[in-house]
file my_file14.txt (compact mmCIF, C-alpha atoms and all ligand atoms)
# COMPACT_ATOMS: atom_id res chain seq x y z
CA MET A 107 -15.03 19.18 -8.05
CA SER A 108 -14.39 19.60 -4.32
CA ALA A 109 -11.44 18.03 -2.50
CA ASN A 110 -13.76 15.37 -1.13
CA GLU A 111 -14.82 14.35 -4.63
CA GLU A 112 -11.51 13.02 -5.97
CA GLN A 113 -12.14 9.74 -7.78
CA THR A 114 -9.97 6.68 -8.34
CA PHE A 115 -10.39 3.59 -10.49
CA ILE A 116 -10.03 0.37 -8.51
CA ALA A 117 -10.28 -3.06 -10.13
CA ILE A 118 -10.37 -6.44 -8.42
CA LYS A 119 -8.41 -8.63 -10.81
CA PRO A 120 -9.46 -12.15 -11.88
CA ASP A 121 -7.44 -13.75 -9.09
CA GLY A 122 -9.18 -11.56 -6.52
CA VAL A 123 -12.62 -12.33 -7.96
CA GLN A 124 -11.94 -16.08 -8.12
CA ARG A 125 -10.67 -16.10 -4.54
CA GLY A 126 -13.86 -14.52 -3.25
CA LEU A 127 -12.19 -11.26 -2.26
CA ILE A 128 -14.70 -8.82 -3.77
CA GLY A 129 -16.46 -8.38 -0.44
CA PRO A 130 -13.34 -7.96 1.71
CA ILE A 131 -11.77 -5.51 -0.76
CA ILE A 132 -14.93 -3.42 -1.01
CA SER A 133 -15.12 -3.42 2.78
CA ARG A 134 -11.63 -1.90 3.06
CA PHE A 135 -12.76 1.10 1.01
CA GLU A 136 -16.18 1.35 2.66
CA ASN A 137 -14.77 1.09 6.15
CA ARG A 138 -12.20 3.79 5.46
CA GLY A 139 -15.02 6.17 4.54
CA PHE A 140 -14.76 6.25 0.76
CA LYS A 141 -17.90 6.34 -1.34
CA LEU A 142 -18.63 3.80 -4.11
CA VAL A 143 -19.88 5.69 -7.17
CA ALA A 144 -19.60 3.03 -9.92
CA MET A 145 -19.14 -0.73 -10.12
CA LYS A 146 -19.37 -3.51 -12.70
CA LEU A 147 -18.38 -7.17 -12.96
CA THR A 148 -17.09 -7.82 -16.45
CA SER A 149 -14.79 -10.03 -18.51
CA PRO A 150 -12.24 -7.86 -20.33
CA ALA A 151 -11.60 -8.48 -24.02
CA ARG A 152 -8.21 -8.11 -25.68
CA SER A 153 -7.36 -4.90 -27.44
CA THR A 154 -3.87 -3.68 -28.17
CA SER A 155 -2.10 -0.57 -29.32
CA ARG A 156 1.57 0.02 -30.11
CA SER A 157 2.51 1.65 -26.86
CA THR A 158 0.08 0.23 -24.36
CA THR A 159 -1.78 -2.96 -23.69
CA LEU A 160 -5.41 -2.12 -23.40
CA ILE A 161 -7.79 -4.28 -21.51
CA SER A 162 -11.30 -3.67 -22.69
CA PRO A 163 -14.69 -4.68 -21.34
CA PRO A 164 -17.29 -5.97 -23.84
CA SER A 165 -18.58 -2.50 -24.58
CA PRO A 166 -16.29 -0.73 -27.08
CA SER A 167 -17.10 2.55 -25.41
CA SER A 168 -15.11 1.72 -22.33
CA ARG A 169 -11.52 0.57 -22.21
CA VAL A 170 -8.75 0.77 -19.70
CA SER A 171 -5.00 0.47 -19.88
CA LEU A 172 -3.78 -1.49 -16.93
CA PRO A 173 -0.73 -3.74 -17.05
CA GLN A 174 2.24 -3.49 -19.31
CA SER A 175 3.59 -7.03 -19.47
CA THR A 176 2.22 -9.85 -21.63
CA ASN A 177 1.98 -12.11 -18.61
CA THR A 178 -0.03 -9.52 -16.81
CA THR A 179 -2.28 -9.15 -19.83
CA GLU A 180 -2.98 -12.87 -19.78
CA ASP A 181 -3.65 -12.61 -16.04
CA MET A 182 -6.14 -9.83 -16.66
CA LEU A 183 -7.89 -11.80 -19.39
CA SER A 184 -8.21 -14.95 -17.32
CA GLY A 185 -11.65 -14.21 -15.86
CA PRO A 186 -14.10 -11.58 -14.68
CA ILE A 187 -12.85 -8.48 -12.96
CA CYS A 188 -14.75 -6.14 -10.67
CA ALA A 189 -14.27 -2.54 -11.86
CA MET A 190 -15.10 0.27 -9.46
CA VAL A 191 -14.87 4.00 -8.93
CA TRP A 192 -14.31 5.17 -5.37
CA GLU A 193 -14.65 8.80 -4.32
CA GLY A 194 -13.30 10.82 -1.41
CA LYS A 195 -10.54 13.08 -0.16
CA ASP A 196 -7.17 12.02 -1.59
CA ALA A 197 -8.82 8.88 -3.04
CA VAL A 198 -6.07 8.12 -5.58
CA LYS A 199 -3.11 8.22 -3.21
CA THR A 200 -4.95 6.71 -0.26
CA GLY A 201 -6.45 4.03 -2.51
CA ARG A 202 -2.93 2.88 -3.35
CA VAL A 203 -2.01 2.89 0.31
CA LEU A 204 -4.99 0.60 0.98
CA LEU A 205 -3.81 -1.68 -1.87
CA GLY A 206 -0.21 -1.90 -0.65
CA ALA A 207 3.02 -2.27 -2.60
CA THR A 208 2.99 -3.81 -6.09
CA ASN A 209 4.95 -6.83 -4.81
CA PRO A 210 2.76 -8.35 -2.09
CA LEU A 211 5.80 -9.67 -0.24
CA ALA A 212 6.82 -6.04 0.26
CA SER A 213 3.30 -4.95 1.24
CA ALA A 214 2.65 -4.11 4.86
CA PRO A 215 0.21 -6.29 6.79
CA GLY A 216 -3.06 -4.41 6.99
CA THR A 217 -2.97 -3.55 3.30
CA ILE A 218 -5.05 -5.58 0.83
CA ARG A 219 -2.03 -7.09 -0.91
CA GLY A 220 -0.21 -7.49 2.40
CA ASP A 221 -3.11 -9.49 3.80
CA TYR A 222 -4.32 -11.43 0.75
CA ALA A 223 -1.48 -11.96 -1.75
CA ILE A 224 2.01 -13.40 -2.21
CA ASP A 225 3.11 -13.22 -5.89
CA VAL A 226 3.26 -9.97 -7.87
CA GLY A 227 1.37 -11.55 -10.77
CA ARG A 228 -1.46 -12.46 -8.36
CA ASN A 229 -1.71 -9.24 -6.44
CA VAL A 230 -5.54 -9.22 -6.59
CA CYS A 231 -6.20 -5.55 -7.29
CA HIS A 232 -5.41 -2.52 -9.42
CA GLY A 233 -5.52 1.12 -8.40
CA SER A 234 -4.93 4.29 -10.42
CA ASP A 235 -1.49 5.79 -9.83
CA SER A 236 -2.37 9.46 -10.45
CA VAL A 237 -5.41 11.70 -10.63
CA GLU A 238 -4.79 12.12 -14.35
CA ASN A 239 -4.66 8.36 -14.97
CA ALA A 240 -7.68 7.84 -12.75
CA LYS A 241 -9.69 10.16 -14.99
CA LYS A 242 -8.55 8.24 -18.07
CA GLU A 243 -9.25 4.82 -16.57
CA ILE A 244 -12.67 5.85 -15.29
CA ALA A 245 -13.59 7.25 -18.71
CA LEU A 246 -12.34 4.07 -20.40
CA TRP A 247 -14.36 1.75 -18.20
CA PHE A 248 -17.50 3.69 -17.43
CA GLY A 249 -19.90 5.89 -19.33
CA ALA A 250 -20.64 9.24 -17.73
CA SER A 251 -24.10 8.07 -16.65
CA GLU A 252 -22.62 5.01 -14.92
CA VAL A 253 -20.66 7.12 -12.43
CA LEU A 254 -23.26 8.23 -9.92
CA LYS A 255 -23.55 11.46 -8.00
CA TYR A 256 -25.20 11.12 -4.62
CA THR A 257 -24.75 12.34 -1.08
CA SER A 258 -23.58 9.71 1.35
CA ALA A 259 -25.53 9.71 4.61
CA GLN A 260 -22.17 9.24 6.36
CA ALA A 261 -20.45 12.26 4.83
CA ALA A 262 -20.85 14.60 7.81
CA TRP A 263 -19.48 11.89 10.10
CA VAL A 264 -16.49 11.12 7.89
CA TYR A 265 -15.44 14.67 7.00
CA GLU A 266 -15.06 17.54 9.50
P1 LIG A 301 0.74 -1.37 -9.61
O1 LIG A 301 -0.33 -2.40 -9.90
O2 LIG A 301 1.15 -1.42 -8.17
O3 LIG A 301 0.37 0.01 -10.07
P2 LIG A 301 2.41 -1.55 -11.96
O4 LIG A 301 3.88 -1.30 -12.01
O5 LIG A 301 1.50 -0.54 -12.58
O6 LIG A 301 2.03 -1.81 -10.43
O7 LIG A 301 2.17 -2.96 -12.64
C1 LIG A 301 0.88 -3.37 -13.03
C2 LIG A 301 0.71 -4.83 -12.65
O8 LIG A 301 1.60 -5.60 -13.42
C3 LIG A 301 1.06 -5.15 -11.21
O9 LIG A 301 -0.02 -4.93 -10.32
C4 LIG A 301 1.39 -6.61 -11.29
O10 LIG A 301 0.22 -7.41 -11.30
C5 LIG A 301 2.03 -6.71 -12.65
N1 LIG A 301 3.49 -6.66 -12.53
C6 LIG A 301 4.27 -5.58 -12.35
N2 LIG A 301 5.55 -5.89 -12.26
C7 LIG A 301 5.59 -7.25 -12.40
C8 LIG A 301 6.64 -8.22 -12.40
O11 LIG A 301 7.82 -7.88 -12.27
N3 LIG A 301 6.30 -9.51 -12.57
C9 LIG A 301 4.99 -9.90 -12.75
N4 LIG A 301 3.97 -9.04 -12.75
C10 LIG A 301 4.27 -7.74 -12.58
MG MG A 302 0.01 0.70 -12.04
call {"tool": "encode", "arguments": {"input": "my_file14.txt", "output": "structure tokens", "more": "lines below"}}
Ligand code: IDP
Ligand code: MG
result
Amino acid sequence: MSANEEQTFIAIKPDGVQRGLIGPIISRFENRGFKLVAMKLTSPARSTSRSTTLISPPSPSSRVSLPQSTNTTEDMLSGPICAMVWEGKDAVKTGRVLLGATNPLASAPGTIRGDYAIDVGRNVCHGSDSVENAKKEIALWFGASEVLKYTSAQAAWVYE
């Protein structure tokens, strides 16, 4: 995998979906130059393990571990989420920069949370925190055939 093919798992949480923020959040990633390689709108089902709270989509083949707290779990189960995989140079770290700080009140204006959220339990989006976790989350949510390989027509104008 080349440096420009790093992938991150981004999810628009139920609060973000209900507030009509799917479009604006996708636009942040598109406008920056990242490439969308997988996306699904789905209602997670509950699934737990001893160490981690797992949030699972209807298909048992794909699961993701997102939040740790019970409250957060309830938040995640409260409605559809929009699960996505975005690809590009430094996608994991830069994806989190686009999201902003976990607590929206500490997020800089210009970030997604800094522009669209106030409370930490309503911070509208999730982003993988490491390349390793991104791989796990992508594998939990998406089958291999659901993550597409294609050449973006913009690539030569985004990367030097
Ligand atoms: P992150 O989403 O920025 O990676 P994490 O520490 O991984 O932050 O926490 C996962 C999610 O759990 C957060 O996005 C937030 O929705 C929720 N969360 C984290 N800390 C708190 C808290 O102190 N109160 C309420 N919700 C929290
Ligand atoms: Mg996290």
call {"tool": "closest_residue", "arguments": {"input": "my_file14.txt", "among": "A:Ala223, A:Ala250, A:Ala189, A:Ala262", "to": "ligand LIG 301 (chain A)", "atoms": "all atoms listed in the file"}}
result
A:Ala223
call {"tool": "closest_residue", "arguments": {"input": "my_file14.txt", "among": "A:Ala117, A:Leu183, A:Val143, A:Ile128", "to": "ligand MG 302 (chain A)", "atoms": "all atoms listed in the file"}}
result
A:Ala117
call {"tool": "atom_distance", "arguments": {"input": "my_file14.txt", "atom1": "atom CA of A:Tyr222", "atom2": "atom CA of A:Glu238"}}
result
28.0 Å
call {"tool": "residues_around", "arguments": {"input": "my_file14.txt", "residues": "A:Thr200", "least_positions_apart": "4", "cutoff": "10 Å", "atoms": "all atoms listed in the file", "output": "VMD selection string"}}
result
chain A and resid 114 135 138 140 194 to 196 204 to 206 233
call {"tool": "atom_distance", "arguments": {"input": "my_file14.txt", "atom1": "atom CA of A:Asn229", "atom2": "atom CA of A:Gln113"}}
result
21.7 Å
call {"tool": "closest_residue", "arguments": {"input": "my_file14.txt", "among": "A:Asp235, A:Glu243, A:Glu266, A:Glu252", "to": "ligand MG 302 (chain A)", "atoms": "only C-alpha atoms and all ligand atoms"}}
result
A:Asp235
call {"tool": "atom_distance", "arguments": {"input": "my_file14.txt", "atom1": "atom CA of A:Lys199", "atom2": "atom CA of A:Val237"}}
result
8.5 Å
call {"tool": "residues_near_point", "arguments": {"input": "my_file14.txt", "point": "(-5.1, -17.1, -9.4)", "cutoff": "12 Å", "atoms": "only C-alpha atoms", "output": "list in words"}}
result
Ile118, Lys119, Pro120, Asp121, Gly122, Val123, Gln124, Arg125, Gly126, Leu127, Thr178, Glu180, Asp181, Met182, Leu183, Ser184, Gly185, Pro186, Tyr222, Ala223, Ile224, Asp225, Val226, Gly227, Arg228, Asn229, Val230 and Cys231 of chain A
call {"tool": "closest_residue", "arguments": {"input": "my_file14.txt", "among": "A:Ala212, A:Ala197, A:Ala207, A:Ala259", "to": "A:Ala240", "atoms": "all atoms listed in the file"}}
result
A:Ala197
call {"tool": "closest_residue", "arguments": {"input": "my_file14.txt", "among": "A:Gly139, A:Pro150, A:Pro130, A:Gly201", "to": "ligand MG 302 (chain A)", "atoms": "all atoms listed in the file"}}
result
A:Gly201
call {"tool": "closest_residue", "arguments": {"input": "my_file14.txt", "among": "A:Asp221, A:Gly216, A:Tyr256, A:Asn209", "to": "ligand LIG 301 (chain A)", "atoms": "all atoms listed in the file"}}
result
A:Asn209
call {"tool": "axis_aligned_box", "arguments": {"input": "my_file14.txt", "around": "stretch 227-237 of chain A", "padding_each_side": "8 Å", "output": "AutoDock Vina command-line options"}}
result
--center_x -2.4 --center_y -0.4 --center_z -8.6 --size_x 23.6 --size_y 40.2 --size_z 20.3
